[in-house]
Amino acid sequence: MITVRQAQARGNANFGWLDSKHTFSFGNYYDPNHMGFASLRVINEDKVLPSKGFGTHSHKDMEIISYVLQGELEHKDSIGNGSVIRPGDVQRMSAGTGIAHSEFNGSATDLVHFLQIWIMPDTTGIQPSYEQKNFGDDEKQGKLRLVASPDGRDNSVTIHQDANLYVAVLNNGDRINHSTKNDRSLWLQVARGSVDINDKSLGTGDGAAITQETDIEIVATSDRTEVLLFDLA
């Protein structure tokens, strides 16, 4: 079964400097029918104006992944990390017992556009940690590239949950397949472009909850399509 979550149905918070679209309930947006999916709790699509950003704030017991689509996101945290996240980078922050961080658009001229993803951990109270790796388009072109997993296999970042995150970059007509076990669920998020998945059509910003399906085929219907696929316990 495939249930589409259309982009225009998402929650929205616009503060001028930040335009954020919420796939699931977040902040002041609350929808009891969209509180998350399996261990996936948050997918926020954020656009931050030049020289603006999120001041220092705290998180606890959450696996947080940032995926930049455009621009550069500057990160600083209370465990000593400072980095710039660029397109192709996957940043994983395990909040554990508690971590404070800030995220800013360091450019004075260019927008930063990114996805912030929260996954609920399978273990609470762990030591906070941080990891960042780059996955170039050549690794994702025409195929699903594993970028986050519970065991860090294939040089993916390691998350504390039985969840696998794949990313693919596709051109019009490209076809990719994914198989999973019948006791798992899938979530597909279209970051840009458009796809057909089995008998459903999705565009930019759309998501799809996939259950009771062990095999899916994703067909790109536009060039420069980019999708994220979550395979969840």
# chains A, B, ... in the order shown; residues from 1 in each chain; ligands from 1
call {"tool": "residues_around", "arguments": {"residues": "segment 23-33 of chain A", "least_positions_apart": "6", "cutoff": "10 Å", "atoms": "only C-alpha atoms", "output": "list in words"}}
result
Arg5, Gln6, Ala7, Gln8, Ala9, Arg10, Gly11, Asn12, Ala13, Leu40, Arg41, Val42, Ile43, Asn44, Glu45, Gln189, Gly205, Asp206 and Gly207 of chain A
call {"tool": "write_last_selection", "arguments": {"atoms": "N, CA and C atoms", "output": "mmCIF file, in the first residue's frame"}}
result
data_model
loop_
_atom_site.group_PDB
_atom_site.id
_atom_site.type_symbol
_atom_site.label_atom_id
_atom_site.label_comp_id
_atom_site.auth_asym_id
_atom_site.auth_seq_id
_atom_site.Cartn_x
_atom_site.Cartn_y
_atom_site.Cartn_z
ATOM 1 N N ARG A 5 1.813 11.655 0.595
ATOM 2 C CA ARG A 5 1.724 12.870 1.412
ATOM 3 C C ARG A 5 2.125 14.027 0.505
ATOM 4 N N GLN A 6 1.149 14.768 0.004
ATOM 5 C CA GLN A 6 1.429 15.796 -0.981
ATOM 6 C C GLN A 6 2.131 17.004 -0.361
ATOM 7 N N ALA A 7 2.996 17.614 -1.153
ATOM 8 C CA ALA A 7 3.798 18.730 -0.662
ATOM 9 C C ALA A 7 2.935 19.862 -0.116
ATOM 10 N N GLN A 8 1.848 20.179 -0.829
ATOM 11 C CA GLN A 8 1.022 21.316 -0.424
ATOM 12 C C GLN A 8 0.205 21.036 0.835
ATOM 13 N N ALA A 9 0.146 19.759 1.260
ATOM 14 C CA ALA A 9 -0.594 19.413 2.474
ATOM 15 C C ALA A 9 0.269 19.526 3.727
ATOM 16 N N ARG A 10 1.566 19.759 3.548
ATOM 17 C CA ARG A 10 2.464 19.837 4.702
ATOM 18 C C ARG A 10 2.190 21.086 5.540
ATOM 19 N N GLY A 11 2.638 21.033 6.798
ATOM 20 C CA GLY A 11 2.605 22.225 7.628
ATOM 21 C C GLY A 11 3.627 23.227 7.142
ATOM 22 N N ASN A 12 3.424 24.502 7.492
ATOM 23 C CA ASN A 12 4.340 25.556 7.046
ATOM 24 C C ASN A 12 4.578 26.554 8.160
ATOM 25 N N ALA A 13 5.841 26.909 8.337
ATOM 26 C CA ALA A 13 6.199 27.994 9.255
ATOM 27 C C ALA A 13 7.090 28.954 8.489
ATOM 28 N N LEU A 40 10.679 7.283 11.931
ATOM 29 C CA LEU A 40 10.914 8.583 11.300
ATOM 30 C C LEU A 40 9.983 9.616 11.913
ATOM 31 N N ARG A 41 10.552 10.629 12.538
ATOM 32 C CA ARG A 41 9.742 11.588 13.292
ATOM 33 C C ARG A 41 9.609 12.955 12.603
ATOM 34 N N VAL A 42 10.656 13.404 11.916
ATOM 35 C CA VAL A 42 10.644 14.743 11.329
ATOM 36 C C VAL A 42 11.288 14.706 9.945
ATOM 37 N N ILE A 43 10.632 15.325 8.969
ATOM 38 C CA ILE A 43 11.275 15.739 7.723
ATOM 39 C C ILE A 43 10.865 17.185 7.499
ATOM 40 N N ASN A 44 11.784 18.094 7.746
ATOM 41 C CA ASN A 44 11.532 19.512 7.512
ATOM 42 C C ASN A 44 12.348 19.972 6.311
ATOM 43 N N GLU A 45 11.688 20.631 5.382
ATOM 44 C CA GLU A 45 12.387 21.246 4.251
ATOM 45 C C GLU A 45 12.559 22.724 4.571
ATOM 46 N N GLN A 189 10.867 10.244 -0.081
ATOM 47 C CA GLN A 189 10.745 11.695 -0.082
ATOM 48 C C GLN A 189 11.394 12.236 -1.350
ATOM 49 N N GLY A 205 8.803 17.685 -3.178
ATOM 50 C CA GLY A 205 8.241 17.891 -1.851
ATOM 51 C C GLY A 205 7.256 16.839 -1.411
ATOM 52 N N ASP A 206 6.793 16.009 -2.346
ATOM 53 C CA ASP A 206 5.868 14.938 -1.984
ATOM 54 C C ASP A 206 6.611 13.818 -1.249
ATOM 55 N N GLY A 207 5.881 13.115 -0.412
ATOM 56 C CA GLY A 207 6.395 11.926 0.252
ATOM 57 C C GLY A 207 5.405 10.794 0.084
#
call {"tool": "select_by_dssp", "arguments": {"residues": "chain A", "states": "strand (DSSP E or B)", "output": "MDAnalysis selection string"}}
result
chainID A and resid 2:5 11:14 18:22 26 29 37 40:48 53:59 63:70 73:77 82:85 89:94 99:105 112:119 129:134 141 145:149 157:158 163:170 175:179 185:192 195:197 200:202 207:210 215:220 225:232
call {"tool": "select_by_dssp", "arguments": {"residues": "segment 3-228 of chain A", "states": "helix (DSSP H, G or I)", "output": "ChimeraX atom specification"}}
result
/A:7-9,137-140,153-155
call {"tool": "closest_residue", "arguments": {"among": "A:Thr180, A:Gln141, A:Asn155, A:Asn198", "to": "Arg224 of chain A", "atoms": "only C-alpha atoms"}}
result
A:Gln141
call {"tool": "closest_residue", "arguments": {"among": "A:Leu165, A:Leu73, A:Ala209, A:Ala38", "to": "Ala148 of chain A", "atoms": "only C-alpha atoms"}}
result
A:Leu165
call {"tool": "closest_residue", "arguments": {"among": "A:Thr204, A:Asn164, A:Thr123, A:Gln132", "to": "Val68 of chain A", "atoms": "only C-alpha atoms"}}
result
A:Gln132
call {"tool": "closest_residue", "arguments": {"among": "A:Asp89, A:Asp151, A:Asp19, A:Asp231", "to": "Ile65 of chain A", "atoms": "only C-alpha atoms"}}
result
A:Asp89
call {"tool": "atom_distance", "arguments": {"atom1": "atom CA of Arg184 of chain A", "atom2": "atom CA of Pro128 of chain A"}}
result
27.6 Å
call {"tool": "residues_around", "arguments": {"residues": "Val167 of chain A", "least_positions_apart": "4", "cutoff": "7 Å", "atoms": "only C-alpha atoms", "output": "list in words"}}
result
Lys140, Leu144, Arg145, Leu146, Val147, Val227, Leu228 and Leu229 of chain A
call {"tool": "write_last_selection", "arguments": {"atoms": "C-alpha atoms", "output": "compact mmCIF listing (two decimals), in the first residue's frame"}}
result
# COMPACT_ATOMS: atom_id res chain seq x y z
CA LYS A 140 24.14 8.37 -6.46
CA LEU A 144 20.28 4.09 -4.56
CA ARG A 145 23.33 4.97 -2.47
CA LEU A 146 23.22 3.98 1.20
CA VAL A 147 24.15 7.09 3.22
CA VAL A 227 14.96 11.18 -3.87
CA LEU A 228 15.54 9.91 -0.34
CA LEU A 229 14.33 6.42 0.56
call {"tool": "residues_around", "arguments": {"residues": "segment 49-57 of chain A", "least_positions_apart": "6", "cutoff": "8 Å", "atoms": "only C-alpha atoms", "output": "PDB file with C-alpha atoms, in the first residue's frame"}}
result
ATOM      1  CA  TRP A  17      14.301  34.563   7.371  1.00  0.00           C
ATOM      2  CA  LEU A  18      13.117  30.914   7.448  1.00  0.00           C
ATOM      3  CA  ALA A 100      23.432  22.153  21.981  1.00  0.00           C
ATOM      4  CA  HIS A 101      24.124  23.404  18.464  1.00  0.00           C
ATOM      5  CA  SER A 102      23.579  26.252  16.041  1.00  0.00           C
ATOM      6  CA  GLU A 103      22.977  26.238  12.283  1.00  0.00           C
ATOM      7  CA  PHE A 104      23.568  29.319  10.149  1.00  0.00           C
ATOM      8  CA  ASN A 105      23.689  30.343   6.535  1.00  0.00           C
ATOM      9  CA  GLY A 106      27.209  31.732   6.368  1.00  0.00           C
ATOM     10  CA  SER A 107      26.684  33.302   2.939  1.00  0.00           C
ATOM     11  CA  ALA A 108      25.847  36.988   2.682  1.00  0.00           C
ATOM     12  CA  THR A 109      24.242  36.489  -0.728  1.00  0.00           C
ATOM     13  CA  ASP A 110      22.958  32.945  -1.256  1.00  0.00           C
ATOM     14  CA  LEU A 111      20.028  30.973   0.155  1.00  0.00           C
ATOM     15  CA  VAL A 112      20.647  27.670   1.931  1.00  0.00           C
TER      16      VAL A 112
END
call {"tool": "atom_distance", "arguments": {"atom1": "atom CA of Thr211 of chain A", "atom2": "atom CA of Ala191 of chain A"}}
result
20.7 Å
call {"tool": "atom_distance", "arguments": {"atom1": "atom CA of Glu74 of chain A", "atom2": "atom CA of Ser39 of chain A"}}
result
26.8 Å
